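Asks: Take this structure, written in structure tokens, and hold onto it; I'll ask about it next.
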Amino acid sequence: MADKSIDFKFFYKLSSLYEALTLSACDPVVVPSGIGSKGLHVFSHMFYDCMEDEEEGFRIMEDRKRIAQEDIVNHFSFHEYAVKAFYSIDELANVNNREGVVNIARELAIQLEQYSGFTGIITEHKTRLEKKAFLNYPVCFRGHYFQVPWYTNLAEKSFNPTISESGVITEAIKTRYLGNQFLTVQGPIPKITISEGKDSGEGLIDTSLRGRLELTKELLRRAGFKIKLD
């Protein structure tokens, strides 16, 4: 009999990463909300076009276009790669290809490190722009839960709670470790869909990772960005 606890832990980690990237996808088009304590939290930011002073929101975006356009392009490149990776994991899981699932997950973990690790885009962005930095290390805030019909546990998702570069590295290592454990399991892969959230294919209103990227892309265009984001 397959060890469902190992399957659960592996997919739980991937689902937590998916939640974190769904949030970070919008980083280029959100600004501090002024709500609550300082730092990054669930209510700390809002879309630039929701600011009380709308012109100020557009001024902030103009500044970002001037100082960090390449960062935004690189940000999109990683997140669009992640969208495809999660879809591939779903497809491979549906045909019981454990090795294929793990290979994609391992590569995703490597790309995550290159995106936001010690020498990655995020660290360089924060070092260069300091107080004007707007890209953050991916994090999954409390309040999201992972539950599947084939296992009794209900687990609160967690990813990089320290919101740090070292936290990202730790999570990438955990993902690879759990992938290795997942490969040892004998038996079919339980029914699972990592690419969660509404994903109708219509774009802006979807709450999936793909949908959040489409919304971010549209808000960038409204702010005058003419860069290729596909």
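As shown in the structure tokens, the chain order sets the letters A, B, ...; within each chain, residues go from 1, and ligands are also counted from 1 in the order they appear.
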I'd like the contact shell of A:Glu171 - 12 Å cut-off, only C-alpha atoms, skipping same-chain residues fewer than 5 positions apart - returned as number ranges by chain.
Replies: A: 10, 13-14, 16-17, 20, 106, 108-110, 112-113, 116-117, 137-140, 158-166, 176-178
Asks: For the selection you just gave me, I'd like the residues written to a file as a CSV table (one decimal), in the first residue's frame, keeping C-alpha atoms.
Replies:
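Result file out_21.csv:
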chain,number,residue,atom,x,y,z
A,10,PHE,CA,5.3,16.5,-1.0
A,13,LYS,CA,5.0,21.7,-0.1
A,14,LEU,CA,4.3,22.3,-3.8
A,16,SER,CA,2.4,26.1,-0.4
A,17,LEU,CA,4.9,27.3,-3.1
A,20,ALA,CA,3.5,32.0,-2.4
A,106,ARG,CA,13.4,19.6,-8.8
A,108,LEU,CA,11.4,24.4,-10.3
A,109,ALA,CA,13.3,24.4,-7.0
A,110,ILE,CA,16.5,25.2,-8.8
A,112,LEU,CA,13.4,29.3,-7.5
A,113,GLU,CA,16.9,29.5,-6.0
A,116,SER,CA,15.4,34.7,-5.3
A,117,GLY,CA,18.5,33.1,-3.6
A,137,TYR,CA,11.0,36.9,-1.5
A,138,PRO,CA,8.0,34.6,-2.1
A,139,VAL,CA,6.0,33.9,1.1
A,140,CYS,CA,2.7,32.1,1.9
A,158,SER,CA,3.6,27.5,5.0
A,159,PHE,CA,6.3,28.8,2.7
A,160,ASN,CA,9.3,31.0,3.7
A,161,PRO,CA,7.7,32.5,6.9
A,162,THR,CA,10.8,34.5,7.6
A,163,ILE,CA,10.4,36.2,4.2
A,164,SER,CA,14.1,36.0,3.6
A,165,GLU,CA,16.6,34.7,1.0
A,166,SER,CA,17.8,32.0,3.4
A,176,ARG,CA,14.0,18.4,-3.3
A,177,TYR,CA,14.1,16.2,-0.2
A,178,LEU,CA,10.4,15.6,-0.2
Asks: Identify, on the basis of only C-alpha atoms, every residue whose closest approach to stretch 54-68 of chain A does not exceed 8 Å; exclude the query and any residue fewer than 5 positions from it along the same chain; express the result as a ChimeraX atom specification.
Replies: /A:29,31,48-49,223-225
Asks: Nearest residue to A:Met51 out of A:Pro149, A:Ser88, A:Leu183, A:Val30, using only C-alpha atoms?
Replies: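 Among the listed residues, A:Val30 lies closest to A:Met51.
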Asks: Figure out the distance between atom CA of A:Thr193 and atom CA of A:Leu92, please, to one decimal in Å.
Replies: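 Taking atom CA of A:Leu92 and atom CA of A:Thr193, their separation equals 10.6 Å.
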Asks: Pick out the residues sitting within 7 Å of stretch 93-105 of chain A, and hand them over as a compact mmCIF listing (two decimals) with C-alpha atoms, in the first residue's frame; count only C-alpha atoms, and ignore anything fewer than 4 positions along from it in its own chain.
Replies:
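Once written, result-v2.txt looks like this:
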# COMPACT_ATOMS: atom_id res chain seq x y z
CA ALA A 85 5.84 23.77 -14.38
CA ILE A 89 3.17 18.45 -12.56
CA ALA A 109 13.29 24.40 -6.96
CA GLY A 179 10.65 14.78 -3.91
CA LEU A 183 10.00 8.64 -5.47
CA PRO A 188 -0.43 5.13 -7.92
CA ILE A 189 -0.33 8.87 -7.33
CA LYS A 191 -5.74 12.44 -7.43
